[in-house]
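Worksheet: one structure, shown below.
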Amino acid sequence: MDRLVSPKITKEIVNKHGFKFSKSLGQNFLIDENILYKIVDGAEVDKEDIVIEVGPGIGTLTQVLAERAKKVIAIEIDKTLLPILSETLGNKDNVEVINEDVLKLDIHKLIEEKCEGKAVKVIANLPYYVTTPIIMKFLEEKVPLKNMVVMIQKEVADRMQAKPKTKDYGSLSIAVQYYCDPEIITKVPRSVFIPQPKVESTVIRLTVLKEPKVNVKNEKTLFAVVRAAFGKRRKTLLNALSNSPLNVDKEVLKKVLEHSEIEANRRGETLTIEEFARISETLCKYL
Ligand code: SAM
């Protein structure tokens with residue numbers, strides 16, 4: 001089968017099967033070879049790798065992943081794409097398509113049963129409407145990962161890799177940087193998709209750290225503190241934390257910040273992940 005990654009072949013396949021694009025499933029298919037290779041090269045896929053691809057669409061990225069990797073598990077929610085995938089990937093015996101919603105799948109079980117229980121690479125042109133839940137599912141469930149290379153909405157990628165004291169820095173930056181080292185591989189214009197999305201994209205590589213970035217006894221407390229601090233971005237840290245679902249008395253919070261050596265009048269957006277971890281550890285002693 002010819003490479004799918006071209007406007008002409010993509011349109012031919014889609015028309016032949018009478019496929020209707022679903023906006024609500026984030027179906028924007030890649031038609032640019034240069035971007036396709038930036039994704040595959042960015043993940044450094046080789047014959048040792050087992051790859052999980054989320055949302056293969058018509059199989060554009062899957063074709064090249066199958067040539068480079070040992071095995072590809074492609075998880076696609078839309079069953080109307082299955083006849084297309086069996087045509088476009090028919091001759092690739094190292095690809096398995098699973099017709100499921102990735103958010104409902106037990107990924108640990110999948111890795112045990114289909115990926116030899118080994119760490120995988122997750123590579124995808126993700127549907128915009130569920131980008132963050134999909135990425136956070138793999139990270140929070142501590143799926144054994146070598147890396148993730150995903151194409152996502154530019155604004156979301158900017159937030160994932162933002163540093164303190166910038167406008168994009170927030171809960172998502174901390175959540176991702178707790179588990180990974182994020183690096184932007186390339187920006188992507190809207191013109192490389194059929195149909196064209198309303199937003200620009202970015203290819204980002206998330207290299208999973210061996211240990212989380214900071215060592216805390218209670219991750220839930222860390223993320224509750226982070227959410228509270230960014231929930232009221234314009235307030236001082238003390239005010240943001242004291243009027244929050246943390247539900248801790250203001251006088252106690254004053255002591256917690258003092259013992260953590262963080263000034264109470266700073267704003268959440270100036271704190272590093274290490275400083276958030278200090279607050280979280282001290283707070284645990286008071287709870
Ligand atoms: N990989 C193809 C490409 O690059 O041309 C298609 C990418 S398209 C942006 C996203 C794909 O994810 C679509 O095929 C869509 O049906 C699928 N998808 C959307 N939500 C999903 C979910 N929850 N689980 C699995 N696949 C999903």
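For the structure tokens, the naming scheme is as follows: chains receive sequential letters (A, B, ...) according to their order of presentation, residues are indexed from 1 within each chain, and ligands are indexed from 1 in presentation order.
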Next item on the list: Compute the set of protein, DNA and RNA residues whose minimum atom distance to ligand 1 is at most 7 Å, using only C-alpha atoms and all ligand atoms, and state it as a PyMOL selection string.
Entry: chain A and resi 25-30+54-61+75-78+100-103+124-128+130
Would you mind listing, for every residue of region 120-223 of chain A within 7 Å of region 227-238 of chain A, the two atoms forming the shortest contact and the distance between them in Å to one decimal, using only C-alpha atoms, sorted by chain and ascending residue number, as a tab-separated table?
```
residue	atom	partner	partner_atom	distance
A:Gly170	CA	A:Phe230	CA	6.2
A:Ser171	CA	A:Arg227	CA	5.9
A:Phe223	CA	A:Arg227	CA	6.0
```
Export, as a JSON list (two decimals), in the first residue's frame, the selected residues with N, CA, C and O atoms.
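Result file is again13.json:
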```json
[["chain", "number", "residue", "atom", "x", "y", "z"],
["A", 170, "GLY", "N", 1.19, 26.64, 35.26],
["A", 170, "GLY", "CA", 0.00, 26.35, 36.07],
["A", 170, "GLY", "C", -0.01, 24.91, 36.53],
["A", 170, "GLY", "O", 1.01, 24.21, 36.46],
["A", 171, "SER", "N", -1.19, 24.45, 36.99],
["A", 171, "SER", "CA", -1.31, 23.08, 37.52],
["A", 171, "SER", "C", -0.83, 22.03, 36.52],
["A", 171, "SER", "O", -0.22, 21.04, 36.90],
["A", 223, "PHE", "N", -0.77, 17.80, 44.88],
["A", 223, "PHE", "CA", -1.58, 18.34, 43.79],
["A", 223, "PHE", "C", -2.75, 19.17, 44.31],
["A", 223, "PHE", "O", -3.19, 20.11, 43.63]]
```
Excluding Lys210 (chain A) and its own-chain neighbours fewer than 5 positions away, which residues fall within 10 Å of it when counting only C-alpha atoms? Please give them as a short mmCIF file (atom, residue, chain, number, x, y, z; two decimals) with C-alpha atoms, in the first residue's frame.
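around_3.cif was written with the following content:
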```cif
data_model
loop_
_atom_site.label_atom_id
_atom_site.label_comp_id
_atom_site.auth_asym_id
_atom_site.auth_seq_id
_atom_site.Cartn_x
_atom_site.Cartn_y
_atom_site.Cartn_z
CA LEU A 145 6.74 4.17 29.56
CA LYS A 146 9.97 4.86 27.72
CA TYR A 179 6.53 12.80 35.99
CA CYS A 180 8.40 13.91 32.85
#
```
Margin query: Counting only C-alpha atoms, which residue out of A:Leu105, A:Lys16, A:Tyr129, A:Ile39 sits closest to Pro83 (chain A)?
Written below: A:Lys16
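You will find CA of Thr207 (chain A) at 19.5 Å from CA of Ile35 (chain A).
Here CA of Thr282 (chain A) stands at a distance of 5.9 Å from CA of Val256 (chain A).
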Item checked: Secondary structure check, strand (DSSP E) residues of region 36-141 of chain A, as number ranges by chain -> A: 50-54, 71-75, 95-98, 120-125
Next item on the list: Please identify all polymer residues within 12 Å of Val72 (chain A), counting only C-alpha atoms, omitting same-chain residues fewer than 6 positions from it, and present them as a ChimeraX atom specification.
Entry: /A:45-54,56,59,61-66,89,92-98,111,114-115,120-124
Notebook entry, point to check: How many Å lie between CA of Lys23 (chain A) and CA of Ile194 (chain A), rounded to one decimal?
Noted result: 11.3 Å
Checklist line | Shell of 9 Å around Leu283 (chain A), only C-alpha atoms, local chain residues under 5 positions omitted, as number ranges by chain | finding: A: 221, 252-253, 256-257, 260, 278
For the residues in that selection, give me N, CA, C and O atoms as a PDB file, in the first residue's frame.
```pdb
ATOM      1  N   THR A 221      -1.879  15.375  48.346  1.00  0.00           N
ATOM      2  CA  THR A 221      -1.733  16.661  49.038  1.00  0.00           C
ATOM      3  C   THR A 221      -0.950  17.638  48.159  1.00  0.00           C
ATOM      4  O   THR A 221      -1.324  18.805  48.027  1.00  0.00           O
ATOM      5  N   VAL A 252      -3.116  28.124  60.645  1.00  0.00           N
ATOM      6  CA  VAL A 252      -2.306  26.908  60.437  1.00  0.00           C
ATOM      7  C   VAL A 252      -1.478  27.072  59.156  1.00  0.00           C
ATOM      8  O   VAL A 252      -0.273  26.786  59.117  1.00  0.00           O
ATOM      9  N   LEU A 253      -2.147  27.593  58.104  1.00  0.00           N
ATOM     10  CA  LEU A 253      -1.439  27.755  56.824  1.00  0.00           C
ATOM     11  C   LEU A 253      -0.268  28.734  56.955  1.00  0.00           C
ATOM     12  O   LEU A 253       0.791  28.534  56.358  1.00  0.00           O
ATOM     13  N   VAL A 256       2.465  26.787  58.345  1.00  0.00           N
ATOM     14  CA  VAL A 256       2.983  25.834  57.344  1.00  0.00           C
ATOM     15  C   VAL A 256       3.938  26.562  56.389  1.00  0.00           C
ATOM     16  O   VAL A 256       5.045  26.090  56.099  1.00  0.00           O
ATOM     17  N   LEU A 257       3.513  27.755  55.929  1.00  0.00           N
ATOM     18  CA  LEU A 257       4.355  28.498  54.980  1.00  0.00           C
ATOM     19  C   LEU A 257       5.643  28.953  55.654  1.00  0.00           C
ATOM     20  O   LEU A 257       6.729  28.874  55.068  1.00  0.00           O
ATOM     21  N   SER A 260       7.939  26.131  55.965  1.00  0.00           N
ATOM     22  CA  SER A 260       8.437  25.723  54.640  1.00  0.00           C
ATOM     23  C   SER A 260       9.375  26.784  54.061  1.00  0.00           C
ATOM     24  O   SER A 260       9.890  26.611  52.944  1.00  0.00           O
ATOM     25  N   ARG A 278       7.763  21.250  49.327  1.00  0.00           N
ATOM     26  CA  ARG A 278       8.068  21.601  50.726  1.00  0.00           C
ATOM     27  C   ARG A 278       6.799  21.950  51.490  1.00  0.00           C
ATOM     28  O   ARG A 278       6.582  21.508  52.614  1.00  0.00           O
TER      29      ARG A 278
END
```
